[in-house]
$ cat query-v6.txt   # compact mmCIF, C-alpha atoms
# COMPACT_ATOMS: atom_id res chain seq x y z
CA MET A 853 25.67 -5.20 10.19
CA THR A 854 25.18 -7.07 13.46
CA ASP A 855 22.55 -9.81 13.63
CA ARG A 856 20.24 -7.58 15.65
CA ARG A 857 20.59 -4.76 13.15
CA ALA A 858 19.93 -7.19 10.30
CA LEU A 859 16.75 -8.31 12.03
CA SER A 860 15.67 -4.74 12.78
CA HIS A 861 16.22 -3.96 9.12
CA LEU A 862 14.15 -6.96 8.02
CA LEU A 863 11.30 -6.12 10.40
CA ARG A 864 11.24 -2.47 9.40
CA ARG A 865 10.96 -3.45 5.76
CA LEU A 866 8.31 -6.17 6.01
CA THR A 867 6.15 -4.63 8.75
CA PHE A 868 4.92 -1.13 9.53
CA GLY A 869 7.41 -0.64 12.35
CA PRO A 870 8.63 -3.26 14.80
CA THR A 871 8.54 -2.87 18.53
CA SER A 872 11.64 -3.50 20.59
CA ALA A 873 10.02 -6.67 21.96
CA GLU A 874 9.47 -7.94 18.42
CA VAL A 875 13.13 -7.38 17.63
CA ASP A 876 14.03 -9.33 20.79
CA THR A 877 11.82 -12.21 19.66
CA ALA A 878 13.36 -12.15 16.20
CA ALA A 879 16.86 -12.16 17.65
CA ARG A 880 16.05 -15.35 19.53
CA ALA A 881 14.47 -16.98 16.47
CA GLY A 882 17.10 -15.96 13.92
CA TYR A 883 16.85 -14.42 10.46
CA ASP A 884 15.55 -17.44 8.55
CA ALA A 885 12.79 -18.32 10.98
CA THR A 886 11.77 -14.68 11.33
CA LEU A 887 11.53 -14.21 7.57
CA THR A 888 9.54 -17.41 7.17
CA GLY A 889 7.16 -16.35 9.93
CA LEU A 890 6.62 -12.90 8.49
CA LEU A 891 5.77 -14.31 5.06
CA ARG A 892 3.51 -17.07 6.36
CA PRO A 893 -0.03 -16.91 4.87
CA VAL A 894 -2.74 -15.44 7.09
CA PRO A 895 -6.53 -15.84 6.82
CA LEU A 896 -8.64 -13.09 5.33
CA PRO A 897 -9.87 -10.70 8.00
CA SER A 898 -13.57 -10.41 8.71
CA PRO A 899 -14.70 -7.27 6.89
CA PRO A 900 -16.33 -4.36 8.73
CA ASP A 901 -20.07 -3.87 8.45
CA LEU A 902 -20.35 -0.76 6.31
CA GLY A 903 -24.04 -1.04 5.52
CA ALA A 904 -25.54 -0.68 2.07
CA ASP A 905 -24.16 1.61 -0.63
CA PRO A 906 -26.38 4.71 -0.35
CA LEU A 907 -25.65 5.88 -3.90
CA ALA A 908 -26.54 2.51 -5.39
CA ARG A 909 -29.93 2.57 -3.65
CA LEU A 910 -30.97 5.90 -5.13
CA GLY A 911 -33.74 5.66 -7.66
CA PRO A 912 -33.80 7.55 -10.96
CA GLY A 913 -36.20 10.08 -9.46
CA ALA A 914 -34.03 10.96 -6.45
CA GLY A 915 -33.86 14.67 -5.74
CA ARG A 916 -30.86 16.88 -5.03
CA GLU A 917 -31.25 16.67 -1.26
CA GLN A 918 -31.44 12.86 -1.35
CA ARG A 919 -28.31 12.70 -3.46
CA GLN A 920 -26.42 15.03 -1.14
CA GLN A 921 -27.45 12.93 1.86
CA ALA A 922 -26.33 9.75 0.08
CA ARG A 923 -22.94 11.30 -0.68
CA ARG A 924 -22.51 12.30 2.99
CA ILE A 925 -23.24 8.74 4.09
CA GLN A 926 -20.90 7.39 1.43
CA LYS A 927 -18.06 9.59 2.70
CA GLU A 928 -18.72 8.42 6.26
CA GLN A 929 -18.52 4.81 5.09
CA VAL A 930 -15.19 5.45 3.37
CA THR A 931 -13.92 7.05 6.59
CA ALA A 932 -15.10 4.02 8.59
CA LEU A 933 -13.28 1.68 6.20
CA THR A 934 -10.11 3.77 6.41
CA ARG A 935 -10.20 3.67 10.21
CA TRP A 936 -10.77 -0.08 10.20
CA TRP A 937 -7.78 -0.58 7.89
CA LEU A 938 -5.49 1.63 9.99
CA ALA A 939 -6.41 -0.39 13.07
CA ARG A 940 -5.69 -3.58 11.16
CA MET A 941 -2.29 -2.25 10.11
CA THR A 942 -1.26 -1.73 13.72
CA GLY A 943 -1.63 -5.43 14.40
CA PRO A 944 1.30 -7.85 14.06
CA VAL A 945 0.35 -8.77 10.49
CA ALA A 946 3.02 -8.17 7.85
CA ALA A 947 0.45 -9.11 5.21
CA GLU A 948 -1.19 -5.70 5.59
CA LYS A 949 1.94 -3.98 4.38
CA LEU A 950 1.75 -6.10 1.25
CA THR A 951 -1.91 -5.09 0.90
CA LEU A 952 -0.86 -1.44 1.09
CA PHE A 953 1.84 -2.13 -1.51
CA TRP A 954 -0.73 -3.57 -3.90
CA HIS A 955 -3.16 -0.74 -3.13
CA GLY A 956 -0.50 1.76 -4.19
CA HIS A 957 0.32 -0.39 -7.22
CA TRP A 958 -3.27 -0.87 -8.45
CA ALA A 959 -3.98 2.66 -7.25
CA THR A 960 -7.75 3.14 -7.09
CA SER A 961 -9.43 6.11 -5.43
CA ALA A 962 -12.71 6.16 -3.54
CA ARG A 963 -13.04 9.77 -4.68
CA LYS A 964 -14.15 8.56 -8.13
CA VAL A 965 -15.43 5.07 -7.28
CA ARG A 966 -17.71 6.52 -4.57
CA SER A 967 -18.33 3.23 -2.86
CA ALA A 968 -16.74 2.01 0.36
CA GLN A 969 -18.22 -1.41 -0.35
CA LEU A 970 -16.43 -1.71 -3.71
CA MET A 971 -13.18 -0.40 -2.23
CA LEU A 972 -13.42 -3.01 0.54
CA ALA A 973 -14.06 -5.73 -2.05
CA GLN A 974 -10.91 -4.65 -3.89
CA GLN A 975 -8.93 -4.75 -0.65
CA GLN A 976 -10.08 -8.30 -0.01
CA THR A 977 -9.09 -9.27 -3.55
CA LEU A 978 -5.61 -7.87 -2.94
CA ARG A 979 -5.39 -9.80 0.33
CA ARG A 980 -6.62 -13.02 -1.25
CA TYR A 981 -4.46 -13.02 -4.39
CA GLY A 982 -1.68 -10.52 -3.61
CA PRO A 983 0.69 -12.95 -1.81
CA GLY A 984 0.51 -15.58 -4.55
CA ASP A 985 0.92 -16.03 -8.30
CA THR A 986 0.37 -12.80 -10.21
CA GLY A 987 -1.71 -14.61 -12.83
CA PRO A 988 -4.82 -15.08 -10.66
CA LEU A 989 -4.29 -11.58 -9.25
CA VAL A 990 -4.36 -9.91 -12.68
CA ARG A 991 -7.34 -12.05 -13.72
CA ALA A 992 -9.24 -10.98 -10.61
CA MET A 993 -8.35 -7.32 -11.01
CA LEU A 994 -9.66 -7.26 -14.58
CA ARG A 995 -13.04 -8.14 -13.03
CA ASP A 996 -12.68 -5.80 -10.06
CA PRO A 997 -15.63 -3.36 -10.05
CA ALA A 998 -13.74 -0.55 -8.33
CA LEU A 999 -10.88 -0.69 -10.85
CA ILE A 1000 -13.30 -0.85 -13.76
CA LEU A 1001 -15.14 2.26 -12.54
CA TRP A 1002 -11.87 4.05 -11.69
CA LEU A 1003 -10.42 3.55 -15.18
CA ASP A 1004 -13.63 3.98 -17.18
CA GLY A 1005 -13.96 0.31 -18.11
CA GLN A 1006 -17.71 0.75 -17.68
CA ARG A 1007 -17.65 3.02 -20.73
CA ASN A 1008 -15.56 0.70 -22.88
CA THR A 1009 -17.80 -0.62 -25.66
CA ARG A 1010 -17.34 -2.01 -29.15
CA ARG A 1011 -18.79 1.19 -30.62
CA ALA A 1012 -16.68 3.50 -28.47
CA PRO A 1013 -13.55 1.75 -27.11
CA ASN A 1014 -12.05 3.40 -24.05
CA GLU A 1015 -8.30 2.79 -23.69
CA ASN A 1016 -7.76 3.92 -20.08
CA LEU A 1017 -7.84 0.51 -18.41
CA ALA A 1018 -5.80 -1.28 -21.10
CA ARG A 1019 -3.15 1.45 -21.11
CA GLU A 1020 -2.66 1.59 -17.34
CA LEU A 1021 -2.88 -2.18 -17.10
CA MET A 1022 0.23 -2.53 -19.24
CA GLU A 1023 2.09 0.65 -18.32
CA LEU A 1024 1.59 0.80 -14.55
CA PHE A 1025 0.36 -2.60 -13.40
CA THR A 1026 2.09 -5.37 -15.35
CA LEU A 1027 4.75 -4.46 -17.94
CA GLY A 1028 6.05 -0.90 -17.79
CA LEU A 1029 6.81 1.60 -20.52
CA GLY A 1030 8.59 0.30 -23.59
CA ALA A 1031 7.15 -3.21 -23.42
CA PHE A 1032 4.06 -2.50 -25.53
CA THR A 1033 2.91 -0.30 -28.41
CA GLU A 1034 -0.04 1.99 -29.05
CA GLU A 1035 -1.49 -0.77 -31.22
CA ASP A 1036 -1.32 -3.09 -28.20
CA VAL A 1037 -3.27 -0.52 -26.19
CA LYS A 1038 -5.98 -0.34 -28.84
CA ALA A 1039 -6.14 -4.12 -29.07
CA GLY A 1040 -6.25 -4.50 -25.28
CA ALA A 1041 -9.08 -2.00 -25.06
CA ARG A 1042 -11.11 -4.04 -27.56
CA VAL A 1043 -10.49 -7.23 -25.58
CA LEU A 1044 -11.84 -5.52 -22.43
CA THR A 1045 -15.00 -4.08 -23.99
CA GLY A 1046 -18.39 -4.87 -22.52
CA TRP A 1047 -17.70 -5.27 -18.80
CA GLN A 1048 -20.48 -3.73 -16.70
CA VAL A 1049 -20.66 -3.03 -12.96
CA ASP A 1050 -23.84 -3.36 -10.92
CA ARG A 1051 -23.15 -0.93 -8.08
CA ALA A 1052 -25.97 -2.29 -5.94
CA THR A 1053 -24.64 -5.87 -5.91
CA GLY A 1054 -20.97 -5.28 -6.70
CA VAL A 1055 -21.23 -7.87 -9.48
CA VAL A 1056 -19.37 -7.49 -12.78
CA THR A 1057 -20.82 -9.07 -15.92
CA LEU A 1058 -19.83 -9.18 -19.58
CA ASN A 1059 -22.46 -7.62 -21.82
CA ALA A 1060 -22.15 -9.54 -25.08
CA GLY A 1061 -23.86 -6.78 -27.03
CA ARG A 1062 -21.19 -4.26 -25.96
CA HIS A 1063 -18.23 -6.63 -26.33
CA ASP A 1064 -15.94 -6.74 -29.39
CA ASN A 1065 -15.00 -10.38 -29.92
CA ARG A 1066 -13.16 -9.99 -33.23
CA PRO A 1067 -9.55 -11.27 -33.46
CA VAL A 1068 -6.80 -8.77 -32.61
CA ALA A 1069 -3.00 -8.66 -32.67
CA LEU A 1070 -1.93 -8.27 -29.05
CA LEU A 1071 1.67 -8.26 -27.78
CA GLY A 1072 2.93 -10.16 -30.80
CA ARG A 1073 0.15 -12.75 -31.00
CA THR A 1074 -3.03 -12.70 -33.08
CA GLY A 1075 -6.22 -14.38 -32.01
CA THR A 1076 -9.56 -14.07 -30.26
CA TRP A 1077 -8.89 -13.07 -26.68
CA ASP A 1078 -10.92 -12.89 -23.51
CA ALA A 1079 -9.94 -11.12 -20.27
CA ASP A 1080 -8.33 -14.25 -18.79
CA ALA A 1081 -6.22 -14.90 -21.88
CA TYR A 1082 -5.15 -11.25 -21.87
CA ALA A 1083 -4.14 -11.49 -18.19
CA ASP A 1084 -2.19 -14.67 -18.84
CA ARG A 1085 -0.36 -13.06 -21.77
CA LEU A 1086 0.62 -10.11 -19.58
CA VAL A 1087 2.04 -12.13 -16.70
CA GLY A 1088 3.80 -14.45 -19.15
CA HIS A 1089 5.45 -11.54 -20.96
CA GLU A 1090 9.22 -11.24 -20.55
CA ALA A 1091 8.87 -7.70 -19.14
CA HIS A 1092 6.45 -8.62 -16.35
CA LEU A 1093 8.73 -10.11 -13.69
CA PRO A 1094 11.57 -7.57 -14.05
CA PHE A 1095 8.95 -4.81 -13.81
CA LEU A 1096 7.46 -6.27 -10.64
CA ALA A 1097 10.90 -6.99 -9.17
CA ARG A 1098 11.75 -3.30 -9.49
CA ARG A 1099 8.45 -2.26 -7.90
CA LEU A 1100 8.99 -4.57 -4.93
CA TRP A 1101 12.60 -3.42 -4.49
CA VAL A 1102 11.65 0.26 -4.55
CA ARG A 1103 8.96 -0.26 -1.88
CA TYR A 1104 10.77 -2.78 0.30
CA ALA A 1105 14.48 -2.06 -0.19
CA ALA A 1106 15.51 1.25 -1.79
CA ALA A 1107 15.04 3.51 -4.78
CA PRO A 1108 15.84 3.78 -7.64
CA GLY A 1109 15.70 -0.01 -7.97
CA PRO A 1110 17.73 -3.23 -7.88
CA SER A 1111 20.90 -3.82 -9.83
CA PRO A 1112 20.67 -6.06 -12.90
CA ALA A 1113 22.17 -8.91 -10.86
CA ALA A 1114 19.66 -8.48 -8.03
CA THR A 1115 16.82 -8.21 -10.54
CA ALA A 1116 17.87 -11.52 -12.09
CA ARG A 1117 17.93 -13.20 -8.68
CA ILE A 1118 14.46 -11.91 -7.79
CA VAL A 1119 13.02 -12.86 -11.17
CA ALA A 1120 14.41 -16.38 -10.69
CA ALA A 1121 11.98 -16.78 -7.77
CA GLY A 1122 9.13 -16.96 -10.27
CA ARG A 1123 5.74 -15.33 -10.39
CA ASN A 1124 4.79 -15.87 -6.74
CA THR A 1125 4.90 -12.52 -4.95
CA THR A 1126 5.79 -14.04 -1.57
CA ALA A 1127 8.69 -15.92 -3.14
CA MET A 1128 9.84 -12.71 -4.82
CA LEU A 1129 9.66 -10.84 -1.50
CA GLU A 1130 11.70 -13.58 0.13
CA ALA A 1131 14.26 -13.24 -2.65
CA VAL A 1132 14.43 -9.48 -2.02
CA CYS A 1133 15.09 -10.01 1.69
CA ARG A 1134 17.70 -12.71 1.09
CA ASP A 1135 19.51 -10.86 -1.67
CA PRO A 1136 23.15 -9.98 -0.92
CA GLU A 1137 22.41 -6.35 -1.77
CA PHE A 1138 19.44 -6.05 0.61
CA ALA A 1139 21.50 -5.43 3.75
CA ALA A 1140 23.20 -2.43 2.12
CA THR A 1141 19.84 -0.66 1.69
CA ARG A 1142 19.57 0.09 5.42
CA GLY A 1143 19.07 3.81 5.93
CA GLN A 1144 18.08 4.41 2.29
CA LEU A 1145 14.28 3.98 2.25
CA VAL A 1146 12.03 6.92 3.08
CA LYS A 1147 8.91 5.88 4.95
CA GLN A 1148 5.61 6.69 3.35
CA PRO A 1149 3.36 8.71 5.69
CA VAL A 1150 1.04 5.77 6.41
CA GLU A 1151 4.03 3.57 7.22
CA TRP A 1152 5.51 6.28 9.43
CA LEU A 1153 2.26 6.89 11.32
CA VAL A 1154 1.26 3.26 11.77
CA GLY A 1155 4.76 2.31 12.90
CA ALA A 1156 4.68 5.04 15.52
CA LEU A 1157 1.26 3.91 16.76
CA ARG A 1158 2.54 0.35 17.10
CA GLN A 1159 5.69 1.35 18.96
CA LEU A 1160 3.81 3.67 21.29
CA GLY A 1161 1.19 1.01 22.01
CA VAL A 1162 -1.69 3.10 20.68
CA ASP A 1163 -4.65 1.20 19.24
CA PRO A 1164 -6.46 3.64 16.92
CA ALA A 1165 -9.70 1.65 17.22
CA ARG A 1166 -9.82 2.46 20.95
CA LEU A 1167 -9.33 6.18 20.55
CA GLU A 1168 -12.09 8.67 21.07
CA GLU A 1169 -13.91 10.01 18.02
CA GLN A 1170 -12.09 13.33 18.09
CA GLN A 1171 -8.70 11.61 18.36
CA GLN A 1172 -9.48 9.33 15.41
CA ARG A 1173 -10.44 12.37 13.38
CA ARG A 1174 -7.14 14.01 14.29
CA LEU A 1175 -5.21 11.00 13.01
CA LEU A 1176 -6.94 11.16 9.62
CA THR A 1177 -6.41 14.92 9.53
CA SER A 1178 -2.73 14.28 10.23
CA LEU A 1179 -2.52 11.81 7.33
CA ARG A 1180 -4.08 14.38 5.02
CA GLY A 1181 -1.48 16.89 6.18
CA LEU A 1182 1.27 14.35 5.59
CA GLY A 1183 -0.01 13.75 2.06
CA GLN A 1184 -1.18 10.13 2.10
CA VAL A 1185 -4.62 8.84 3.01
CA PRO A 1186 -5.46 5.18 2.30
CA LEU A 1187 -8.16 4.69 -0.37
CA LEU A 1188 -7.42 8.14 -1.80
CA PRO A 1189 -4.30 7.90 -4.01
CA PRO A 1190 -3.68 11.12 -5.96
CA SER A 1191 -3.67 9.42 -9.35
CA VAL A 1192 -3.56 6.05 -11.06
CA GLY A 1193 0.22 6.23 -10.58
CA GLY A 1194 -0.22 5.97 -6.83
CA TRP A 1195 1.85 7.85 -4.27
CA PRO A 1196 5.41 9.08 -4.78
CA VAL A 1197 8.45 7.40 -3.29
CA GLY A 1198 11.72 8.59 -1.85
CA ALA A 1199 12.72 12.21 -1.41
CA ALA A 1200 9.24 13.47 -2.32
CA TRP A 1201 8.37 12.84 1.35
CA LEU A 1202 11.33 14.86 2.66
CA THR A 1203 10.25 18.38 1.75
CA THR A 1204 10.10 21.24 4.23
CA ALA A 1205 6.30 20.94 4.25
CA THR A 1206 6.29 17.22 5.01
CA THR A 1207 8.96 17.68 7.71
CA LEU A 1208 6.79 20.25 9.46
CA ALA A 1209 3.75 17.99 9.07
CA ARG A 1210 5.65 15.11 10.68
CA LEU A 1211 6.62 17.36 13.58
CA ARG A 1212 2.99 18.40 14.14
CA THR A 1213 1.81 14.80 13.90
CA ALA A 1214 4.58 13.68 16.25
CA GLN A 1215 3.22 16.11 18.83
CA THR A 1216 -0.23 14.57 18.39
CA LEU A 1217 1.16 11.06 18.79
CA THR A 1218 3.05 12.03 21.93
CA GLN A 1219 -0.19 13.35 23.42
CA LEU A 1220 -1.79 9.96 22.75
CA ALA A 1221 0.92 8.12 24.70
CA PRO A 1222 1.97 10.36 27.61
CA ALA A 1223 2.83 7.45 29.89
CA THR A 1224 5.25 6.05 27.31
CA ALA A 1225 6.88 9.44 26.84
CA ASP A 1226 7.23 10.05 30.56
CA ARG A 1227 9.45 6.97 30.92
CA LEU A 1228 12.13 8.65 28.80
CA THR A 1229 14.09 10.17 31.66
CA GLY A 1230 17.54 9.71 33.10
CA THR A 1231 20.98 9.72 31.58
CA ASP A 1232 20.17 6.88 29.19
CA ARG A 1233 17.02 8.52 27.79
CA VAL A 1234 18.44 8.88 24.26
CA GLU A 1235 19.35 5.20 24.16
CA ALA A 1236 15.91 4.34 25.56
CA LEU A 1237 14.31 6.43 22.82
CA GLY A 1238 16.29 4.59 20.16
CA ASP A 1239 15.21 1.28 21.67
CA LEU A 1240 11.55 2.35 21.74
CA LEU A 1241 11.55 3.53 18.13
CA VAL A 1242 13.94 0.80 16.90
CA VAL A 1243 16.42 3.34 15.57
CA ASP A 1244 19.79 1.64 15.28
CA ALA A 1245 21.90 4.79 15.67
CA TRP A 1246 21.53 8.57 15.85
CA THR A 1247 23.74 10.91 13.87
CA SER A 1248 25.91 13.22 15.95
CA GLY A 1249 23.70 16.21 15.14
CA THR A 1250 20.48 14.46 16.14
CA ARG A 1251 22.05 12.99 19.25
CA GLN A 1252 23.22 16.43 20.35
CA ALA A 1253 19.70 17.83 19.91
CA LEU A 1254 18.17 14.93 21.82
CA GLU A 1255 20.66 15.04 24.67
CA SER A 1256 19.97 18.73 25.20
CA THR A 1257 16.23 17.99 25.59
CA LYS A 1258 15.18 17.34 29.18
CA ASP A 1259 11.42 17.20 28.73
CA PRO A 1260 10.54 13.54 27.95
CA ARG A 1261 7.50 14.39 25.83
CA ARG A 1262 9.43 16.80 23.69
CA LEU A 1263 12.18 14.18 23.44
CA LEU A 1264 9.71 11.65 22.03
CA THR A 1265 8.31 14.24 19.62
CA LEU A 1266 11.78 15.05 18.31
CA GLY A 1267 12.63 11.36 17.96
CA LEU A 1268 9.51 10.68 15.90
CA ALA A 1269 10.22 13.70 13.69
CA SER A 1270 13.93 12.90 13.28
CA PRO A 1271 15.53 12.03 9.93
CA GLU A 1272 16.69 8.72 11.39
CA TYR A 1273 13.08 7.73 12.03
CA ALA A 1274 11.78 8.96 8.68
CA VAL A 1275 14.50 7.18 6.67
CA HIS A 1276 15.11 3.57 7.63
$ encode --input "query-v6.txt" --output "C-alpha cells"
Amino acid sequence: MTDRRALSHLLRRLTFGPTSAEVDTAARAGYDATLTGLLRPVPLPSPPDLGADPLARLGPGAGREQRQQARRIQKEQVTALTRWWLARMTGPVAAEKLTLFWHGHWATSARKVRSAQLMLAQQQTLRRYGPGDTGPLVRAMLRDPALILWLDGQRNTRRAPNENLARELMELFTLGLGAFTEEDVKAGARVLTGWQVDRATGVVTLNAGRHDNRPVALLGRTGTWDADAYADRLVGHEAHLPFLARRLWVRYAAAPGPSPAATARIVAAGRNTTAMLEAVCRDPEFAATRGQLVKQPVEWLVGALRQLGVDPARLEEQQQRRLLTSLRGLGQVPLLPPSVGGWPVGAAWLTTATTLARLRTAQTLTQLAPATADRLTGTDRVEALGDLLVVDAWTSGTRQALESTKDPRRLLTLGLASPEYAVH
C-alpha cells in the first residue's frame, strides 16, 4: 500500500469519510502526525436547546389529548437532536465517529426512553468518558438515566429484581458471552436495585428502601457491592479488554475480528479507549483490512455529505426531512437502534434492498450538490470521481460502467452507489 493509500485508509476508518483535501494534508503531515491529530482530545460541544421534556411536565390528571400533544413534541425534539448530531458528524471531528461507536455499543433507543433530553445527556456522557479509561465510562453509564429506563433498571427493586440491565451489562457492554454465569446475572441485578430516574430533572438517585444491600457472590468474589465496585470489577475482569478489542476491530478494521496476536497487541495498550484505537491503527494487520469493512448507513451518508460539501444544517426543511427518510430507508437512524444489540455489521448492509436504497439516496445527494456533480466531465472524469470520493481504485466492471456514463450527475450517483464506495 502506498503512503497515500495508507493515509486514505486511516482517514476512512477514523472519520466519516475524508475529503481529497484532507488526504492531501495528511500526506504532507505523515501517518504518525495524522493519527495523533485525529485522536487528539476535543472539547465537549455545546448542546442544542431542545426545550423542556413535554412528557415529564404532564401532571397525573393529564388527558388523552394532552398526552398525544406531548408525544408529538417529544418526537420533534428527538428529530431536532438527530439533525443536530448529523450536522456535527459532518464536521472535521473524528471524535464523533467514536461517539457513534459507543452509541451502537451501549445501544439505547429514544423509542422507549421517550426523552430527547435524556438521550442528549447520554451522548454527552459518551463524549466525555468514551475516549478515556473504560472504568469511569462504565461507572457513569450505570447512572445514566436513559440506559436505566431502556433496560428497566427503574423497575429493579429488592422485592422484584429485574435482570435486564445486569445481563446486558455483562453480555453486550463489558465482558461477552461465556465470561459470566446466570448466578452472576442474579447477583448483578441485586447490586443494581433501587436506582430511580426523575424524568423532569434527569437526575438518578438510589432509593435505599428499594435497594438490596446484602452480600452477594459476583464474578468469583463475595462481598457487599455498590454500582461503582461492580463497574470496577467488570473492567478489571480478564475478559473485558479482549472483548472491547474485538468490538473496536470489527467497527474500525474488519469483521469477524482481530487475530489472537492482534488482540494481544491491542489489549497491551490498556484500558484507555484512545490508546486501544491507536493500537488498532498501528497494528501490522490493520493495513490488510483495506476494502474489507462495509460502511454503516450513517457512515456512508455522512461521508458523502462531507465529500460533496453539503452542510445538512443549512438545508431547507424539506431537504432535511428527505435525509432522515433516506436513513430510515437505509436501515439506520441515530438514537433509534433496533435492539439492545445495536445495528448489524458487515454483509447485512449489502442486501438487494439496501443496495437499492443506497442508489435512491445517492440520487438525492446528487441533487443536493449539482455544482459538484457538473464538474465531473472530460476524459478524466472517472479519475476525478475517485478523487472526490476518495476511492483508491475501481474494479474493471465498475470502471466500465462509469466510463460509459456521460451525464456527470448520473456518474456521481453511480459512484456513490458503487461497491467500492460502500466497502472501504
$ closest_atom_pairs --input "query-v6.txt" --of "segment 1070-1173 of chain A" --to "segment 950-957 of chain A" --cutoff "9 Å" --atoms "all atoms listed in the file" --output "tab-separated table"
residue	atom	partner	partner_atom	distance
A:Arg1099	CA	A:His957	CA	8.4
A:Leu1100	CA	A:Phe953	CA	8.3
A:Arg1103	CA	A:Phe953	CA	7.4
$ atom_distance --input "query-v6.txt" --atom1 "atom CA of Asn1016 of chain A" --atom2 "atom CA of Glu1034 of chain A"
12.0 Å
$ atom_distance --input "query-v6.txt" --atom1 "atom CA of Arg919 of chain A" --atom2 "atom CA of Leu907 of chain A"
7.3 Å
$ atom_distance --input "query-v6.txt" --atom1 "atom CA of Gly1230 of chain A" --atom2 "atom CA of Ala873 of chain A"
21.2 Å
$ closest_residue --input "query-v6.txt" --among "A:Leu891, A:Val1055, A:Ala1097, A:Val1037" --to "Ala1069 of chain A" --atoms "only C-alpha atoms"
A:Val1037
$ residues_around --input "query-v6.txt" --residues "Ala1079 of chain A" --least-positions-apart "3" --cutoff "7 Å" --atoms "only C-alpha atoms" --output "PyMOL selection string"
chain A and resi 994+1043-1044+1082-1083
